[in-house]
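*Asks:* What follows is a single structure, and I will ask about it in a moment.
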Amino acid sequence: MSGHSKWSTIKRKKGKADAARGKKFTRLIREITVSARNGGGNPSANARLRHAVEEAKAINMPAKNIENAIQRGTGELPGVTYTEMTFEGYGPCGVAIIVEIMTDNKNRTVPEIRNIFSKFNGNLGENGCVSWIFVSQGIIMVDKAKIGEDDLMAILLDAGMENMNTEEDGFEVIVSPVNFEKVKLILQEKKIPILSAEITKIPQNTVKVTGSQAQQVLKFMEAVEDHDDVQNVYANFDINEKELAQITS
């Protein structure tokens with residue numbers, strides 16, 4: 001079982017991780033703008049901004065777009081003001097859900113998200129109702145075609161790595177958020193290719209879903225992900241590997 005949330009694994013296998021390039025651009029521009037607003041426009045002194053800029057460069061976002069997003073955040077350019085919001089609740093089959101939002105109109109977004117939950121027999125709860133189920137972790141995917149497992153472990157064991165899993169498309173390195181930037185920097189200095197890197201929320205217990213329940217949960221997750229104001233979604237469901245292979249094939 002991956003240390004990642006099952007939803008992240010499914011998105012990767014289905015190619016659903018912001019497959020629409022334009023949508024990824026929009027989400028990252030918002031993240032850059034808000035990061036610059038909250039922590040300043042210098043990526044060297046703002047880890048959240050630095051990570052967002054690195055992601056933007058990885059998908060070939062034009063440098064001017066990145067610069068403009070930073071300047072909108074710092075107030076050097078006019079722009080939309082985004083509000084960060086977090087929703088917690090339960091989706092179909094009692095699956096715990098956390099939804100992170102950036103919106104320029106919370107009066108529009110709140111009822112729309114509530115409607116998605118209701119449509120799939122879920123319900124929103126108070127902040128804190130499910131967050132205790134999740135723990136923040138850094139997840140770094142390393143290209144296993146470029147380095148062996150033993151060599152990678154030798155490099156990262158003293159750098160703060162907590163665990164490592166072997167996935168189909170790479171090694172999944174798990175670190176605490178505190179050591180996330182440190183481990184990334186070591187990999188970059190060693191010229192070890194990073195396939196992806198993020199700080200995410202991993203469930204500490206899961207709800208197993210099968211058959212029609214699994215299909216219902218995945219449709220719900222996709223409906224939430226497809227909302228324009230949604231930045232991240234975390235869930236604590238689990239699906240049997242054999243069934244997952246059928247779903248993602």
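Chain identifiers are assigned as A, B, and so on, following the order in which chains appear in the structure tokens; residues are numbered from 1 within each chain, and ligands are numbered from 1 in order of appearance.
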Could you produce a table of the residues of stretch 23-112 of chain A lying within 12 Å of stretch 183-197 of chain A, with the nearest pair of atoms per residue and their separation in Å rounded to one decimal, using only C-alpha atoms, ordered by chain and increasing residue number, as CSV?
*Replies:*
residue,atom,partner,partner_atom,distance
A:Ala47,CA,A:Lys184,CA,11.8
A:Arg50,CA,A:Lys184,CA,11.9
A:His51,CA,A:Ala197,CA,8.7
A:Ala52,CA,A:Ala197,CA,10.5
A:Glu54,CA,A:Ala197,CA,9.8
A:Glu55,CA,A:Ala197,CA,8.5
A:Ala56,CA,A:Ser196,CA,12.0
A:Ala58,CA,A:Ser196,CA,9.3
A:Ile59,CA,A:Ser196,CA,11.1
*Asks:* Save the residues we just selected, C-alpha atoms, as a JSON list (two decimals), in the first residue's frame?
*Replies:*
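And here is the file that came out, selection32.json:
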[["chain", "number", "residue", "atom", "x", "y", "z"],
["A", 47, "ALA", "CA", 9.21, 28.04, 0.86],
["A", 50, "ARG", "CA", 9.33, 28.52, -4.06],
["A", 51, "HIS", "CA", 7.56, 25.17, -4.31],
["A", 52, "ALA", "CA", 4.71, 26.67, -6.36],
["A", 54, "GLU", "CA", 9.07, 25.10, -9.18],
["A", 55, "GLU", "CA", 5.82, 23.31, -10.03],
["A", 56, "ALA", "CA", 4.93, 26.04, -12.51],
["A", 58, "ALA", "CA", 7.98, 22.00, -14.37],
["A", 59, "ILE", "CA", 4.87, 22.34, -16.56]]
*Asks:* Between A:Tyr90, A:Tyr82, A:Tyr234, A:Phe134, which is the closest to A:Phe120 once you count only C-alpha atoms?
*Replies:* A:Tyr90
*Asks:* Excluding stretch 110-116 of chain A and its own-chain neighbours fewer than 6 positions away, which residues fall within 9 Å of it when counting only C-alpha atoms? Please give them as a ChimeraX atom specification.
*Replies:* /A:87,122-124,220,223-224,227
*Asks:* Within 10 Å of A:Glu149, counting only C-alpha atoms, which residues show up once you throw out same-chain ones fewer than 4 positions away? Write them as a list in words, please.
*Replies:*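 These residues fall inside the cut-off: Lys144, Met153, Ala154, Met164, Asn165, Thr166, Gly170 and Phe171 of chain A.
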*Asks:* Output N, CA and C atoms of each residue in that selection to a file, as a PDB file, in the first residue's frame.
*Replies:*
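Okay, this is what ended up in result06.pdb:
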ATOM      1  N   LYS A 144      12.932   5.716 -10.615  1.00  0.00           N
ATOM      2  CA  LYS A 144      13.719   4.542 -10.224  1.00  0.00           C
ATOM      3  C   LYS A 144      14.568   3.997 -11.377  1.00  0.00           C
ATOM      4  N   MET A 153      18.400   5.016  -0.633  1.00  0.00           N
ATOM      5  CA  MET A 153      18.260   4.949   0.818  1.00  0.00           C
ATOM      6  C   MET A 153      19.540   5.419   1.510  1.00  0.00           C
ATOM      7  N   ALA A 154      20.690   5.070   0.962  1.00  0.00           N
ATOM      8  CA  ALA A 154      21.963   5.485   1.557  1.00  0.00           C
ATOM      9  C   ALA A 154      22.110   7.000   1.552  1.00  0.00           C
ATOM     10  N   MET A 164      10.092   4.688   2.593  1.00  0.00           N
ATOM     11  CA  MET A 164      10.179   4.681   1.141  1.00  0.00           C
ATOM     12  C   MET A 164       9.412   3.482   0.603  1.00  0.00           C
ATOM     13  N   ASN A 165       8.584   3.723  -0.412  1.00  0.00           N
ATOM     14  CA  ASN A 165       7.809   2.669  -1.049  1.00  0.00           C
ATOM     15  C   ASN A 165       8.212   2.560  -2.517  1.00  0.00           C
ATOM     16  N   THR A 166       8.157   1.360  -3.038  1.00  0.00           N
ATOM     17  CA  THR A 166       8.429   1.147  -4.460  1.00  0.00           C
ATOM     18  C   THR A 166       7.115   1.121  -5.216  1.00  0.00           C
ATOM     19  N   GLY A 170       8.066   4.720  -9.853  1.00  0.00           N
ATOM     20  CA  GLY A 170       9.197   5.324  -9.156  1.00  0.00           C
ATOM     21  C   GLY A 170       9.244   4.964  -7.686  1.00  0.00           C
ATOM     22  N   PHE A 171      10.229   5.517  -6.995  1.00  0.00           N
ATOM     23  CA  PHE A 171      10.324   5.350  -5.544  1.00  0.00           C
ATOM     24  C   PHE A 171       9.584   6.508  -4.876  1.00  0.00           C
TER      25      PHE A 171
END
